[in-house]
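Source file structure-v6.cif; content: mmCIF, C-alpha atoms.
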```
data_my_file
loop_
_atom_site.label_atom_id
_atom_site.label_comp_id
_atom_site.auth_asym_id
_atom_site.auth_seq_id
_atom_site.Cartn_x
_atom_site.Cartn_y
_atom_site.Cartn_z
CA MET Q 1 0.00 0.00 0.00
CA SER Q 2 1.27 3.43 -0.90
CA PHE Q 3 1.41 6.38 1.45
CA PRO Q 4 -1.82 8.12 0.25
CA VAL Q 5 -3.84 4.93 0.75
CA ILE Q 6 -2.50 4.49 4.30
CA LEU Q 7 -3.21 8.16 5.06
CA PHE Q 8 -6.71 7.75 3.63
CA PHE Q 9 -7.44 4.77 5.87
CA ILE Q 10 -6.11 6.55 8.98
CA CYS Q 11 -8.24 9.64 8.28
CA ALA Q 12 -11.30 7.57 7.34
CA ALA Q 13 -11.00 5.59 10.58
CA MET Q 14 -10.70 8.85 12.54
CA ALA Q 15 -13.77 10.30 10.81
CA VAL Q 16 -15.92 7.21 11.39
CA LEU Q 17 -14.69 6.99 15.01
CA GLY Q 18 -15.64 10.64 15.57
CA ALA Q 19 -19.09 10.08 14.07
CA ILE Q 20 -19.68 7.03 16.29
CA LEU Q 21 -18.48 8.97 19.35
CA LEU Q 22 -20.97 11.72 18.44
CA ILE Q 23 -23.77 9.17 18.68
CA VAL Q 24 -22.49 7.41 21.81
CA ALA Q 25 -21.59 10.49 23.89
CA ARG Q 26 -24.13 11.53 26.51
CA GLU Q 27 -22.81 15.07 27.03
CA PRO Q 28 -23.35 17.53 24.14
CA ILE Q 29 -19.86 18.97 24.61
CA HIS Q 30 -18.34 15.52 23.96
CA SER Q 31 -20.43 15.26 20.80
CA ALA Q 32 -19.15 18.67 19.68
CA LEU Q 33 -15.52 17.72 20.26
CA SER Q 34 -15.91 14.45 18.33
CA LEU Q 35 -17.55 16.38 15.47
CA ILE Q 36 -14.44 18.59 15.37
CA LEU Q 37 -12.39 15.38 15.02
CA VAL Q 38 -14.54 14.40 12.01
CA MET Q 39 -14.07 17.83 10.41
CA VAL Q 40 -10.28 17.90 10.85
CA SER Q 41 -9.89 14.42 9.37
CA LEU Q 42 -12.14 15.43 6.46
CA ALA Q 43 -9.88 18.46 5.90
CA ILE Q 44 -6.89 16.11 5.60
CA LEU Q 45 -8.89 14.04 3.09
CA TYR Q 46 -9.59 17.20 1.06
CA LEU Q 47 -5.83 17.86 1.00
CA LEU Q 48 -5.35 14.28 -0.20
CA LEU Q 49 -7.85 14.97 -3.00
CA GLY Q 50 -5.90 18.09 -4.00
CA ALA Q 51 -8.54 20.61 -2.89
CA GLU Q 52 -6.28 22.89 -0.85
CA PHE Q 53 -8.63 25.87 -0.66
CA ILE Q 54 -11.56 23.73 0.48
CA ALA Q 55 -9.36 22.14 3.15
CA ALA Q 56 -8.40 25.57 4.48
CA VAL Q 57 -12.03 26.74 4.42
CA GLN Q 58 -13.09 23.53 6.16
CA ILE Q 59 -10.67 24.23 9.03
CA ILE Q 60 -11.34 27.96 9.25
CA VAL Q 61 -15.12 28.06 8.78
CA TYR Q 62 -16.31 24.66 10.01
CA ALA Q 63 -13.87 23.71 12.75
CA GLY Q 64 -13.13 27.35 13.57
CA ALA Q 65 -16.32 29.37 13.31
CA ILE Q 66 -19.29 27.03 13.30
CA MET Q 67 -18.04 24.65 15.98
CA VAL Q 68 -16.99 27.53 18.22
CA LEU Q 69 -20.56 28.79 17.87
CA PHE Q 70 -21.86 25.35 18.88
CA VAL Q 71 -19.51 25.08 21.87
CA PHE Q 72 -20.43 28.64 22.87
CA VAL Q 73 -24.15 27.83 22.85
CA ILE Q 74 -23.58 24.58 24.78
CA MET Q 75 -21.69 26.53 27.45
CA LEU Q 76 -24.26 29.34 27.44
CA LEU Q 77 -27.22 27.02 27.91
CA ASN Q 78 -25.32 24.84 30.39
CA ALA Q 79 -26.37 21.72 28.52
CA GLY Q 80 -25.96 18.72 30.75
CA VAL Q 81 -26.34 14.98 30.32
CA GLU Q 82 -29.03 14.15 27.82
CA GLU Q 83 -31.90 12.14 29.20
CA ARG Q 84 -32.93 9.03 27.33
CA THR Q 85 -36.59 8.46 26.69
CA SER Q 86 -38.36 5.51 25.20
CA TRP Q 87 -38.94 5.58 21.47
CA SER Q 88 -42.22 6.65 20.07
CA LYS Q 89 -44.24 4.06 18.16
CA MET Q 90 -43.78 6.14 15.02
CA ALA Q 91 -39.98 5.91 15.31
CA LYS Q 92 -40.06 2.20 16.02
CA TYR Q 93 -42.39 0.99 13.29
CA ALA Q 94 -41.96 3.62 10.57
CA GLY Q 95 -38.68 5.41 11.26
CA MET Q 96 -36.26 2.51 11.68
CA PRO Q 97 -37.34 0.54 8.57
CA LEU Q 98 -37.16 3.75 6.55
CA ALA Q 99 -33.69 4.55 7.94
CA ILE Q 100 -32.43 1.05 7.10
CA PHE Q 101 -33.99 1.36 3.63
CA LEU Q 102 -32.24 4.72 3.13
CA LEU Q 103 -28.87 3.24 4.15
CA LEU Q 104 -29.33 0.29 1.76
CA GLU Q 105 -30.30 2.68 -1.02
CA ILE Q 106 -27.23 4.86 -0.44
CA ALA Q 107 -25.03 1.73 -0.41
CA HIS Q 108 -26.60 0.58 -3.67
CA TRP Q 109 -26.10 3.89 -5.46
CA VAL Q 110 -22.56 4.32 -4.13
CA TRP Q 111 -21.80 0.87 -5.48
CA ARG Q 112 -23.30 1.76 -8.87
CA ALA Q 113 -21.50 5.12 -8.95
CA SER Q 114 -18.14 3.67 -7.97
CA VAL Q 115 -18.28 1.23 -10.89
CA GLY Q 116 -18.70 4.20 -13.23
CA ALA Q 117 -16.17 6.36 -11.39
CA LYS Q 118 -13.40 3.82 -11.83
CA VAL Q 119 -13.50 4.46 -15.58
CA ALA Q 120 -13.29 8.21 -15.11
CA ASN Q 121 -10.61 7.77 -12.47
CA GLY Q 122 -8.39 5.75 -14.75
CA ALA Q 123 -8.30 8.54 -17.33
CA GLY Q 124 -6.57 11.06 -15.10
CA ALA Q 125 -5.03 9.08 -12.27
CA ALA Q 126 -2.13 11.44 -11.58
CA GLN Q 127 -3.60 14.94 -11.57
CA ALA Q 128 -2.21 18.13 -10.16
CA ALA Q 129 -3.99 19.80 -7.27
CA PHE Q 130 -6.87 22.16 -8.03
CA SER Q 131 -5.34 25.61 -8.01
CA THR Q 132 -6.95 28.31 -5.90
CA HIS Q 133 -6.52 30.70 -8.81
CA ASP Q 134 -8.75 28.59 -11.07
CA LEU Q 135 -11.31 28.22 -8.28
CA ALA Q 136 -11.40 32.01 -7.82
CA MET Q 137 -11.81 32.45 -11.58
CA ALA Q 138 -14.78 30.06 -11.62
CA LEU Q 139 -16.28 31.66 -8.49
CA PHE Q 140 -16.10 35.25 -9.72
CA GLN Q 141 -16.93 34.68 -13.39
CA GLN Q 142 -19.11 31.66 -14.01
CA TYR Q 143 -20.69 31.58 -10.56
CA LEU Q 144 -20.77 35.32 -9.85
CA PHE Q 145 -24.55 35.52 -9.47
CA PRO Q 146 -24.84 32.64 -6.93
CA PHE Q 147 -21.89 34.14 -5.07
CA GLU Q 148 -23.68 37.49 -4.76
CA ALA Q 149 -26.89 35.69 -3.80
CA THR Q 150 -25.09 34.00 -0.89
CA SER Q 151 -24.08 37.43 0.41
CA ILE Q 152 -27.79 38.32 0.62
CA LEU Q 153 -28.40 34.96 2.32
CA ILE Q 154 -25.75 35.75 4.93
CA LEU Q 155 -27.27 39.22 5.44
CA ILE Q 156 -30.71 37.66 6.02
CA ALA Q 157 -29.16 35.15 8.44
CA ILE Q 158 -27.54 37.97 10.43
CA LEU Q 159 -30.83 39.88 10.56
CA GLY Q 160 -32.73 36.74 11.56
CA ALA Q 161 -30.34 35.93 14.37
CA LEU Q 162 -30.51 39.54 15.58
CA VAL Q 163 -34.33 39.58 15.56
CA LEU Q 164 -34.50 36.24 17.38
CA ALA Q 165 -32.01 37.39 20.01
CA LYS Q 166 -33.79 40.72 20.47
CA ARG Q 167 -37.26 39.28 20.95
CA SER Q 168 -36.23 37.21 23.94
CA GLU Q 169 -35.78 40.23 26.19
CA MET L 170 -3.81 7.25 -5.89
CA VAL L 171 -6.75 6.35 -3.69
CA PRO L 172 -9.73 5.12 -5.74
CA ILE L 173 -12.66 7.51 -5.82
CA SER L 174 -15.01 4.75 -4.71
CA TYR L 175 -13.27 4.65 -1.29
CA TYR L 176 -14.21 8.30 -0.75
CA LEU L 177 -17.79 7.64 -1.85
CA VAL L 178 -18.13 4.71 0.55
CA LEU L 179 -16.73 6.83 3.40
CA SER L 180 -19.14 9.62 2.46
CA GLY L 181 -22.08 7.20 2.51
CA VAL L 182 -21.03 5.76 5.87
CA LEU L 183 -20.69 9.25 7.41
CA PHE L 184 -24.08 10.29 6.01
CA GLY L 185 -25.68 7.14 7.44
CA LEU L 186 -24.13 7.77 10.84
CA GLY L 187 -25.50 11.32 10.64
CA VAL L 188 -28.99 9.98 9.93
CA ILE L 189 -28.68 7.54 12.85
CA ALA L 190 -27.56 10.36 15.17
CA PHE L 191 -30.45 12.50 13.92
CA ILE L 192 -32.94 9.76 14.78
CA PHE L 193 -31.47 8.55 18.07
CA LYS L 194 -30.33 11.73 19.83
CA ARG L 195 -32.73 13.60 22.07
CA ASN L 196 -30.70 16.77 22.69
CA ILE L 197 -31.64 19.53 20.25
CA ILE L 198 -28.04 20.78 19.90
CA THR L 199 -26.75 17.29 19.15
CA ILE L 200 -29.45 16.85 16.49
CA PHE L 201 -28.18 20.07 14.95
CA MET L 202 -24.65 18.63 14.95
CA ALA L 203 -25.97 15.51 13.19
CA ILE L 204 -27.21 17.79 10.37
CA GLU L 205 -23.73 19.34 10.13
CA LEU L 206 -22.25 15.82 9.93
CA MET L 207 -24.54 14.97 7.01
CA LEU L 208 -23.56 18.21 5.23
CA ASN L 209 -19.90 17.28 5.68
CA ALA L 210 -20.49 13.82 4.21
CA VAL L 211 -22.12 15.38 1.15
CA ASN L 212 -19.19 17.81 0.80
CA LEU L 213 -16.78 14.87 0.71
CA ALA L 214 -18.78 13.28 -2.11
CA PHE L 215 -18.74 16.61 -4.00
CA VAL L 216 -14.95 16.92 -3.75
CA ALA L 217 -14.46 13.24 -4.68
CA PHE L 218 -16.58 13.64 -7.81
CA ALA L 219 -14.79 16.89 -8.68
CA ARG L 220 -11.52 14.96 -8.52
CA ALA L 221 -12.91 12.03 -10.52
CA ARG L 222 -14.16 14.26 -13.35
CA ASN L 223 -11.31 16.78 -12.91
CA GLN L 224 -13.74 19.72 -12.89
CA LEU L 225 -13.77 22.66 -10.52
CA ASP L 226 -17.55 23.01 -10.27
CA GLY L 227 -17.80 20.52 -7.41
CA LEU L 228 -15.48 22.65 -5.29
CA VAL L 229 -17.61 25.75 -5.96
CA PHE L 230 -20.65 23.82 -4.77
CA VAL L 231 -18.79 22.78 -1.61
CA PHE L 232 -18.01 26.46 -1.02
CA PHE L 233 -21.71 27.33 -1.27
CA VAL L 234 -22.68 24.43 1.00
CA ILE L 235 -20.26 25.70 3.65
CA VAL L 236 -21.72 29.23 3.38
CA VAL L 237 -25.27 27.91 3.74
CA ALA L 238 -24.19 25.75 6.71
CA ALA L 239 -22.74 28.82 8.43
CA ALA L 240 -25.95 30.80 7.92
CA GLU L 241 -28.03 27.83 9.08
CA ALA L 242 -25.91 27.40 12.22
CA ALA L 243 -26.30 31.08 13.14
CA VAL L 244 -30.10 31.14 12.76
CA GLY L 245 -30.62 27.62 14.13
CA LEU L 246 -28.62 28.22 17.29
CA ALA L 247 -30.56 31.45 17.88
CA ILE L 248 -33.75 29.38 17.64
CA VAL L 249 -32.25 26.82 20.06
CA ILE L 250 -31.56 29.59 22.57
CA ILE L 251 -35.16 30.87 22.26
CA ILE L 252 -36.55 27.34 22.72
CA SER L 253 -34.43 26.70 25.79
CA GLN L 254 -35.53 30.00 27.30
CA ASN L 255 -39.21 29.27 26.66
CA ARG L 256 -39.27 25.56 27.55
CA ARG L 257 -36.45 25.42 30.15
CA SER L 258 -35.27 22.25 28.44
CA LEU L 259 -33.13 21.09 25.53
CA ASN L 260 -35.00 17.82 25.05
CA VAL L 261 -36.85 17.61 21.74
CA GLU L 262 -39.59 15.58 23.44
CA ASP L 263 -40.61 18.78 25.24
CA VAL L 264 -41.09 20.68 22.00
CA ASN L 265 -44.29 18.97 20.90
CA LEU L 266 -46.67 21.79 19.96
CA LEU L 267 -47.00 20.54 16.38
CA LYS L 268 -47.08 16.85 17.31
CA PHE L 269 -50.37 14.99 17.14
#
```

Would you give me this structure, written as structure tokens?
Amino acid sequence: MSFPVILFFICAAMAVLGAILLIVAREPIHSALSLILVMVSLAILYLLLGAEFIAAVQIIVYAGAIMVLFVFVIMLLNAGVEERTSWSKMAKYAGMPLAIFLLLEIAHWVWRASVGAKVANGAGAAQAAFSTHDLAMALFQQYLFPFEATSILILIAILGALVLAKRSE
Amino acid sequence: MVPISYYLVLSGVLFGLGVIAFIFKRNIITIFMAIELMLNAVNLAFVAFARARNQLDGLVFVFFVIVVAAAEAAVGLAIVIIISQNRRSLNVEDVNLLKF
């Protein structure tokens, strides 16, 4: 096995471990810390895929900003141990079969897609990393309108958060 | 090179774990984190496909997904704070006004 494959398996194991810890943990702060583990290992996987800019944004925005917001709210609300309640009948008889069906369906389509992706992968096996320059060119030329639309989305989100915070007084 | 299918399988596994966390957890903040986990799994699939087809568009979509996730986290956590102030609880079982 070459070095990228070994690195992939280490990071994949870390990501899956973090996701399982998120489910198992009783305290919300433990869940938040394990989610940060998932995000950091995904950032390493993005580097492995050659997406340097996305890896940096993943660390700065996800692990930096969003998770700090989560941890801040957990501390602010003094969230303690989560209490376990019995499942509702709806979850037991409708939710679980549907969840298992969804997982099987995802597995099926991933299997189908990976058969097709192997062909595409063989064409350009050794590619250079995506350059940030090209990404910026695509973002500010081809995708300029969606980019400006997201700025309005962010503005609305700021206003919404302000209104929600104000009303509570 | 790592085959693209490995990334897709990892993405599917992470998304499934996110769905399981979304169903099983009772704390409203943890359910929110499960949504973020699912968004991350989808981002991984986007980047893997961008690499497989050697096109930049997947990365642009990942950028937009991250922006939307940030906006969603800001508004959602404000709603969580309001709920905890009104209900004195973070358990989703206590927020049952629309449940029949």

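Distances from Q:Phe70, Q:Met14, Q:Gln141, Q:Leu98 to chain L were compared using all atoms listed in the file, and the smallest one belongs to Q:Phe70.
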
I would like the residues chosen by the PyMOL selection byres ((chain Q and resi 29) around 12) on the shown file; could you give them as a CSV table (one decimal) with C-alpha atoms, in the coordinates of the input?
```
chain,number,residue,atom,x,y,z
Q,21,LEU,CA,-18.5,9.0,19.4
Q,22,LEU,CA,-21.0,11.7,18.4
Q,25,ALA,CA,-21.6,10.5,23.9
Q,26,ARG,CA,-24.1,11.5,26.5
Q,27,GLU,CA,-22.8,15.1,27.0
Q,28,PRO,CA,-23.4,17.5,24.1
Q,30,HIS,CA,-18.3,15.5,24.0
Q,31,SER,CA,-20.4,15.3,20.8
Q,32,ALA,CA,-19.2,18.7,19.7
Q,33,LEU,CA,-15.5,17.7,20.3
Q,34,SER,CA,-15.9,14.4,18.3
Q,35,LEU,CA,-17.6,16.4,15.5
Q,36,ILE,CA,-14.4,18.6,15.4
Q,67,MET,CA,-18.0,24.6,16.0
Q,68,VAL,CA,-17.0,27.5,18.2
Q,69,LEU,CA,-20.6,28.8,17.9
Q,70,PHE,CA,-21.9,25.4,18.9
Q,71,VAL,CA,-19.5,25.1,21.9
Q,72,PHE,CA,-20.4,28.6,22.9
Q,73,VAL,CA,-24.2,27.8,22.8
Q,74,ILE,CA,-23.6,24.6,24.8
Q,75,MET,CA,-21.7,26.5,27.4
Q,76,LEU,CA,-24.3,29.3,27.4
Q,77,LEU,CA,-27.2,27.0,27.9
Q,78,ASN,CA,-25.3,24.8,30.4
Q,79,ALA,CA,-26.4,21.7,28.5
Q,80,GLY,CA,-26.0,18.7,30.8
Q,81,VAL,CA,-26.3,15.0,30.3
Q,82,GLU,CA,-29.0,14.2,27.8
L,196,ASN,CA,-30.7,16.8,22.7
L,198,ILE,CA,-28.0,20.8,19.9
L,199,THR,CA,-26.8,17.3,19.2
L,202,MET,CA,-24.6,18.6,15.0
```

Identify which of the residues Q:Glu83, Q:Ile66, Q:Lys166, Q:Met96 lies closest to Phe201 of chain L, counting only C-alpha atoms when measuring atom-to-atom distances. Q:Ile66

Selection result of the PyMOL selection byres ((chain L) within 7 of (chain Q)) on this file, as a list in words: Met170, Val171, Ile173, Ser174, Leu177, Val178, Leu179, Gly181, Leu183, Gly185, Leu186, Ala190, Arg195, Asn196, Thr199, Arg220, Ala221, Arg222, Leu225, Val229, Ala239, Ala240, Ala242, Ala243, Val244, Ala247, Ile248 and Ile251 of chain L

Produce a file of the selected residues containing C-alpha atoms, as an mmCIF file, in the frame of the given file.
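Written file, result-v1.cif:
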```
data_model
loop_
_atom_site.group_PDB
_atom_site.id
_atom_site.type_symbol
_atom_site.label_atom_id
_atom_site.label_comp_id
_atom_site.auth_asym_id
_atom_site.auth_seq_id
_atom_site.Cartn_x
_atom_site.Cartn_y
_atom_site.Cartn_z
ATOM 1 C CA MET L 170 -3.810 7.250 -5.890
ATOM 2 C CA VAL L 171 -6.750 6.350 -3.690
ATOM 3 C CA ILE L 173 -12.660 7.510 -5.820
ATOM 4 C CA SER L 174 -15.010 4.750 -4.710
ATOM 5 C CA LEU L 177 -17.790 7.640 -1.850
ATOM 6 C CA VAL L 178 -18.130 4.710 0.550
ATOM 7 C CA LEU L 179 -16.730 6.830 3.400
ATOM 8 C CA GLY L 181 -22.080 7.200 2.510
ATOM 9 C CA LEU L 183 -20.690 9.250 7.410
ATOM 10 C CA GLY L 185 -25.680 7.140 7.440
ATOM 11 C CA LEU L 186 -24.130 7.770 10.840
ATOM 12 C CA ALA L 190 -27.560 10.360 15.170
ATOM 13 C CA ARG L 195 -32.730 13.600 22.070
ATOM 14 C CA ASN L 196 -30.700 16.770 22.690
ATOM 15 C CA THR L 199 -26.750 17.290 19.150
ATOM 16 C CA ARG L 220 -11.520 14.960 -8.520
ATOM 17 C CA ALA L 221 -12.910 12.030 -10.520
ATOM 18 C CA ARG L 222 -14.160 14.260 -13.350
ATOM 19 C CA LEU L 225 -13.770 22.660 -10.520
ATOM 20 C CA VAL L 229 -17.610 25.750 -5.960
ATOM 21 C CA ALA L 239 -22.740 28.820 8.430
ATOM 22 C CA ALA L 240 -25.950 30.800 7.920
ATOM 23 C CA ALA L 242 -25.910 27.400 12.220
ATOM 24 C CA ALA L 243 -26.300 31.080 13.140
ATOM 25 C CA VAL L 244 -30.100 31.140 12.760
ATOM 26 C CA ALA L 247 -30.560 31.450 17.880
ATOM 27 C CA ILE L 248 -33.750 29.380 17.640
ATOM 28 C CA ILE L 251 -35.160 30.870 22.260
#
```

Would you pick out the contacts of Leu266 of chain L at 12 Å or less, using all atoms listed in the file, so that residues sharing its chain but fewer than 5 positions from it are not included, and give the list as a ChimeraX atom specification? /L:252,256,261

Distance of atom CA of Ile59 of chain Q from atom CA of Leu47 of chain Q, expressed in Å to one decimal place: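 About the pair atom CA of Leu47 of chain Q and atom CA of Ile59 of chain Q: they are 11.3 Å apart.
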
By how many Å are atom CA of Gly64 of chain Q and atom CA of Gly245 of chain L apart?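 Answer for the atom CA of Gly64 of chain Q to atom CA of Gly245 of chain L separation: 17.5 Å.
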
Applied to this file, what does the PyMOL selection byres ((chain L and resi 216) around 8) return in terms of residues, put as a list of chain:residue names? Q:Tyr46, Q:Leu49, Q:Ala51, L:Asn212, L:Leu213, L:Ala214, L:Phe215, L:Ala217, L:Phe218, L:Ala219, L:Arg220, L:Gly227, L:Leu228, L:Val231

Restricting the calculation to all atoms listed in the file, which member of Q:Phe101, Q:Ser41, Q:Glu52, Q:Tyr93 is positioned closest to Ala210 of chain L?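 Going through Q:Phe101, Q:Ser41, Q:Glu52, Q:Tyr93 one by one, the smallest distance to Ala210 of chain L is for Q:Ser41.
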
If you measure from atom CA of Glu205 of chain L to atom CA of Asn260 of chain L, what distance in Å do you get, rounded to one decimal?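 For atom CA of Glu205 of chain L relative to atom CA of Asn260 of chain L, the distance reads 18.8 Å.
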
Pick from L:Ile250, L:Val264, L:Met207, L:Ile235 nearest to Ala55 of chain Q, counting only C-alpha atoms: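 Result for the nearest residue to Ala55 of chain Q: L:Ile235.
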
Expected axis-aligned box over every listed atom of segment 75-82 of chain Q, 6 Å added per side, centre plus edges in Å to one decimal, as JSON:
```
{"center_x": -25.4, "center_y": 21.7, "center_z": 29.1, "size_x": 19.3, "size_y": 27.2, "size_z": 15.3}
```
